[in-house]
Amino acid sequence: MPIQNSPYQAFATLLNSSGHPVSPAELHGLLLGRSCAGAGFEVDGWLVDAAELLEGEPQDNVRNALIGLQEMVKGELTGDDMTVVLLLPSDDAPLTERAAALGQWCQGFLSGFGLNCRDSSALSTEASEVLQDLAAIAQVQDALEESDDGESDYMEVMEYLRVAPLLLFTETSKAAPAAKPSLH
């Protein structure tokens with residue numbers, strides 16, 4: 001039986017009860033994708049992109065959760081830990097549900113990255129391959145079966161997805177023009 005108070009389940013409940021039948025994984029992927037593409041961490045831009053996926057303006061409780069999610073992602077991408085925590089169903093959820101969420105996360109990431117990437121031709125070969133991998137992962141979500149091998153494959157893909165955003169964020173951060181210091 002899935003843990004009912006997992007962050008993923010809590011976010012799913014919040015979204016559904018607010019009339020937004022969107023996967024928390026896809027929403028988190030969208031946020032990470034846009035952040036890795038150089039969209040920055042300004043709240044208003046994130047809320048505009050999120051509202052489009054949510055197909056409507058979020059209520060205050062959802063809005064606050066989205067802002068909190070962005071703060072978490074900002075901390076992960078700009079912090080020293082070099083760790084990204086994926087918003088996915090808990091490990092005790094059926095593998096098919098977790099694999100579907102992985103695919104939704106990849107779709108969200110690719111959407112967010114695509115909407116906000118200024119110049120995809122400037123990406124390195126390695127970064128382009130990561131984006132191709134994400135597209136492939138988004139398509140094979142039904143291929144994982146309940147078995148030890150399927151579980152192992154899922155864990156391997158999940159670990160890859162925890163590192164991929166860091167590579168893309170680092171690359172696009174280097175390519176972005178440095179902000180001019182403000183004079184006060």
# chains A, B, ... in the order shown; residues from 1 in each chain; ligands from 1

call {"tool": "select_by_dssp", "arguments": {"residues": "region 48-141 of chain A", "states": "alpha helix (DSSP H)", "output": "PyMOL selection string"}}
result
chain A and resi 48-54+60-78+95-116+125-139

call {"tool": "residues_around", "arguments": {"residues": "Pro7 (chain A)", "least_positions_apart": "2", "cutoff": "12 Å", "atoms": "only C-alpha atoms", "output": "mmCIF file with N, CA and C atoms, in the first residue's frame"}}
result
data_model
loop_
_atom_site.group_PDB
_atom_site.id
_atom_site.type_symbol
_atom_site.label_atom_id
_atom_site.label_comp_id
_atom_site.auth_asym_id
_atom_site.auth_seq_id
_atom_site.Cartn_x
_atom_site.Cartn_y
_atom_site.Cartn_z
ATOM 1 N N PRO A 2 0.655 2.184 -0.905
ATOM 2 C CA PRO A 2 1.508 3.373 -0.986
ATOM 3 C C PRO A 2 1.421 4.226 0.278
ATOM 4 N N ILE A 3 2.526 4.859 0.565
ATOM 5 C CA ILE A 3 2.553 5.787 1.691
ATOM 6 C C ILE A 3 1.679 6.982 1.318
ATOM 7 N N GLN A 4 0.676 7.270 2.140
ATOM 8 C CA GLN A 4 -0.280 8.324 1.809
ATOM 9 C C GLN A 4 0.277 9.727 2.036
ATOM 10 N N ASN A 5 1.302 9.858 2.855
ATOM 11 C CA ASN A 5 1.820 11.187 3.142
ATOM 12 C C ASN A 5 3.164 11.455 2.461
ATOM 13 N N GLN A 9 2.462 12.160 -3.189
ATOM 14 C CA GLN A 9 1.039 11.918 -2.956
ATOM 15 C C GLN A 9 0.360 13.167 -2.406
ATOM 16 N N ALA A 10 1.045 13.877 -1.518
ATOM 17 C CA ALA A 10 0.474 15.107 -0.956
ATOM 18 C C ALA A 10 0.269 16.148 -2.049
ATOM 19 N N PHE A 11 1.238 16.266 -2.941
ATOM 20 C CA PHE A 11 1.126 17.235 -4.035
ATOM 21 C C PHE A 11 0.025 16.811 -5.005
ATOM 22 N N ALA A 12 -0.054 15.517 -5.285
ATOM 23 C CA ALA A 12 -1.108 15.010 -6.183
ATOM 24 C C ALA A 12 -2.487 15.293 -5.595
ATOM 25 N N THR A 13 -2.648 15.071 -4.306
ATOM 26 C CA THR A 13 -3.919 15.335 -3.641
ATOM 27 C C THR A 13 -4.258 16.820 -3.709
ATOM 28 N N LEU A 14 -3.284 17.670 -3.447
ATOM 29 C CA LEU A 14 -3.494 19.119 -3.508
ATOM 30 C C LEU A 14 -3.928 19.542 -4.909
ATOM 31 N N PRO A 24 2.193 15.562 -10.426
ATOM 32 C CA PRO A 24 3.253 16.331 -9.763
ATOM 33 C C PRO A 24 4.613 16.118 -10.438
ATOM 34 N N ALA A 25 4.811 14.922 -10.984
ATOM 35 C CA ALA A 25 6.073 14.634 -11.666
ATOM 36 C C ALA A 25 6.229 15.524 -12.898
ATOM 37 N N HIS A 28 6.939 19.101 -11.745
ATOM 38 C CA HIS A 28 8.316 19.225 -11.259
ATOM 39 C C HIS A 28 9.304 19.188 -12.422
ATOM 40 N N ALA A 65 2.373 26.269 -2.824
ATOM 41 C CA ALA A 65 3.107 25.017 -3.021
ATOM 42 C C ALA A 65 4.056 25.126 -4.220
ATOM 43 N N LEU A 69 8.035 24.761 -4.153
ATOM 44 C CA LEU A 69 8.718 23.811 -5.040
ATOM 45 C C LEU A 69 9.850 24.520 -5.782
ATOM 46 N N VAL A 85 16.376 16.082 -6.059
ATOM 47 C CA VAL A 85 15.393 15.108 -5.590
ATOM 48 C C VAL A 85 14.208 15.171 -6.543
ATOM 49 N N LEU A 86 13.895 14.051 -7.158
ATOM 50 C CA LEU A 86 12.793 14.000 -8.115
ATOM 51 C C LEU A 86 11.470 13.816 -7.380
ATOM 52 N N LEU A 87 10.454 14.539 -7.806
ATOM 53 C CA LEU A 87 9.123 14.423 -7.215
ATOM 54 C C LEU A 87 8.401 13.280 -7.933
ATOM 55 N N LEU A 88 8.563 12.080 -7.369
ATOM 56 C CA LEU A 88 8.015 10.857 -7.958
ATOM 57 C C LEU A 88 7.301 10.054 -6.888
ATOM 58 N N PRO A 89 6.452 9.104 -7.295
ATOM 59 C CA PRO A 89 5.790 8.245 -6.305
ATOM 60 C C PRO A 89 6.825 7.502 -5.449
ATOM 61 N N SER A 90 6.421 7.168 -4.236
ATOM 62 C CA SER A 90 7.332 6.476 -3.326
ATOM 63 C C SER A 90 7.685 5.088 -3.855
#

call {"tool": "residues_around", "arguments": {"residues": "Pro165 (chain A)", "least_positions_apart": "6", "cutoff": "8 Å", "atoms": "only C-alpha atoms", "output": "PyMOL selection string"}}
result
chain A and resi 32-33+36+84

call {"tool": "write_last_selection", "arguments": {"atoms": "N, CA, C and O atoms", "output": "mmCIF file, in the first residue's frame"}}
result
data_model
loop_
_atom_site.group_PDB
_atom_site.id
_atom_site.type_symbol
_atom_site.label_atom_id
_atom_site.label_comp_id
_atom_site.auth_asym_id
_atom_site.auth_seq_id
_atom_site.Cartn_x
_atom_site.Cartn_y
_atom_site.Cartn_z
ATOM 1 N N LEU A 32 12.013 22.095 -13.389
ATOM 2 C CA LEU A 32 13.445 21.835 -13.550
ATOM 3 C C LEU A 32 13.900 22.116 -14.975
ATOM 4 O O LEU A 32 14.980 22.672 -15.183
ATOM 5 N N GLY A 33 13.098 21.753 -15.951
ATOM 6 C CA GLY A 33 13.462 21.996 -17.346
ATOM 7 C C GLY A 33 13.619 23.476 -17.640
ATOM 8 O O GLY A 33 14.600 23.908 -18.249
ATOM 9 N N CYS A 36 16.727 24.792 -15.853
ATOM 10 C CA CYS A 36 17.965 24.344 -16.500
ATOM 11 C C CYS A 36 18.197 25.020 -17.844
ATOM 12 O O CYS A 36 19.314 25.090 -18.325
ATOM 13 N N VAL A 84 19.675 16.491 -6.909
ATOM 14 C CA VAL A 84 18.311 16.847 -7.285
ATOM 15 C C VAL A 84 17.412 15.718 -6.800
ATOM 16 O O VAL A 84 17.675 14.543 -7.056
#

call {"tool": "closest_residue", "arguments": {"among": "A:Glu26, A:Asp133, A:Glu52, A:Asp81", "to": "Val157 (chain A)", "atoms": "only C-alpha atoms"}}
result
A:Asp133

call {"tool": "decode", "arguments": {"residues": "region 124-138 of chain A", "atoms": "N, CA, C and O atoms", "output": "PDB file, in the first residue's frame"}}
result
ATOM      1  N   SER A 124      26.302  21.621 -25.945  1.00  0.00           N
ATOM      2  CA  SER A 124      27.346  20.653 -26.243  1.00  0.00           C
ATOM      3  C   SER A 124      26.717  19.353 -26.739  1.00  0.00           C
ATOM      4  O   SER A 124      25.509  19.119 -26.567  1.00  0.00           O
ATOM      5  N   THR A 125      27.526  18.510 -27.312  1.00  0.00           N
ATOM      6  CA  THR A 125      27.060  17.201 -27.764  1.00  0.00           C
ATOM      7  C   THR A 125      26.510  16.417 -26.582  1.00  0.00           C
ATOM      8  O   THR A 125      25.464  15.769 -26.685  1.00  0.00           O
ATOM      9  N   GLU A 126      27.204  16.489 -25.454  1.00  0.00           N
ATOM     10  CA  GLU A 126      26.773  15.765 -24.261  1.00  0.00           C
ATOM     11  C   GLU A 126      25.392  16.250 -23.797  1.00  0.00           C
ATOM     12  O   GLU A 126      24.518  15.449 -23.484  1.00  0.00           O
ATOM     13  N   ALA A 127      25.176  17.558 -23.783  1.00  0.00           N
ATOM     14  CA  ALA A 127      23.888  18.106 -23.357  1.00  0.00           C
ATOM     15  C   ALA A 127      22.786  17.706 -24.342  1.00  0.00           C
ATOM     16  O   ALA A 127      21.675  17.353 -23.932  1.00  0.00           O
ATOM     17  N   SER A 128      23.082  17.733 -25.624  1.00  0.00           N
ATOM     18  CA  SER A 128      22.093  17.314 -26.625  1.00  0.00           C
ATOM     19  C   SER A 128      21.734  15.846 -26.447  1.00  0.00           C
ATOM     20  O   SER A 128      20.567  15.459 -26.593  1.00  0.00           O
ATOM     21  N   GLU A 129      22.727  15.023 -26.112  1.00  0.00           N
ATOM     22  CA  GLU A 129      22.471  13.594 -25.881  1.00  0.00           C
ATOM     23  C   GLU A 129      21.593  13.390 -24.652  1.00  0.00           C
ATOM     24  O   GLU A 129      20.726  12.516 -24.637  1.00  0.00           O
ATOM     25  N   VAL A 130      21.789  14.214 -23.617  1.00  0.00           N
ATOM     26  CA  VAL A 130      20.957  14.121 -22.419  1.00  0.00           C
ATOM     27  C   VAL A 130      19.498  14.411 -22.790  1.00  0.00           C
ATOM     28  O   VAL A 130      18.590  13.684 -22.381  1.00  0.00           O
ATOM     29  N   LEU A 131      19.272  15.441 -23.592  1.00  0.00           N
ATOM     30  CA  LEU A 131      17.905  15.770 -24.016  1.00  0.00           C
ATOM     31  C   LEU A 131      17.307  14.644 -24.854  1.00  0.00           C
ATOM     32  O   LEU A 131      16.122  14.315 -24.711  1.00  0.00           O
ATOM     33  N   GLN A 132      18.114  14.020 -25.711  1.00  0.00           N
ATOM     34  CA  GLN A 132      17.631  12.881 -26.501  1.00  0.00           C
ATOM     35  C   GLN A 132      17.290  11.703 -25.589  1.00  0.00           C
ATOM     36  O   GLN A 132      16.297  11.008 -25.806  1.00  0.00           O
ATOM     37  N   ASP A 133      18.115  11.495 -24.562  1.00  0.00           N
ATOM     38  CA  ASP A 133      17.840  10.426 -23.598  1.00  0.00           C
ATOM     39  C   ASP A 133      16.510  10.672 -22.884  1.00  0.00           C
ATOM     40  O   ASP A 133      15.721   9.752 -22.692  1.00  0.00           O
ATOM     41  N   LEU A 134      16.283  11.925 -22.484  1.00  0.00           N
ATOM     42  CA  LEU A 134      15.031  12.258 -21.804  1.00  0.00           C
ATOM     43  C   LEU A 134      13.830  11.981 -22.715  1.00  0.00           C
ATOM     44  O   LEU A 134      12.805  11.467 -22.266  1.00  0.00           O
ATOM     45  N   ALA A 135      13.964  12.322 -23.989  1.00  0.00           N
ATOM     46  CA  ALA A 135      12.883  12.058 -24.950  1.00  0.00           C
ATOM     47  C   ALA A 135      12.642  10.551 -25.067  1.00  0.00           C
ATOM     48  O   ALA A 135      11.491  10.098 -25.132  1.00  0.00           O
ATOM     49  N   ALA A 136      13.713   9.780 -25.088  1.00  0.00           N
ATOM     50  CA  ALA A 136      13.570   8.322 -25.184  1.00  0.00           C
ATOM     51  C   ALA A 136      12.935   7.751 -23.918  1.00  0.00           C
ATOM     52  O   ALA A 136      12.054   6.885 -23.993  1.00  0.00           O
ATOM     53  N   ILE A 137      13.354   8.241 -22.752  1.00  0.00           N
ATOM     54  CA  ILE A 137      12.793   7.754 -21.487  1.00  0.00           C
ATOM     55  C   ILE A 137      11.297   8.066 -21.419  1.00  0.00           C
ATOM     56  O   ILE A 137      10.508   7.255 -20.952  1.00  0.00           O
ATOM     57  N   ALA A 138      10.917   9.229 -21.905  1.00  0.00           N
ATOM     58  CA  ALA A 138       9.500   9.610 -21.898  1.00  0.00           C
ATOM     59  C   ALA A 138       8.655   8.646 -22.721  1.00  0.00           C
ATOM     60  O   ALA A 138       7.473   8.459 -22.437  1.00  0.00           O
TER      61      ALA A 138
END
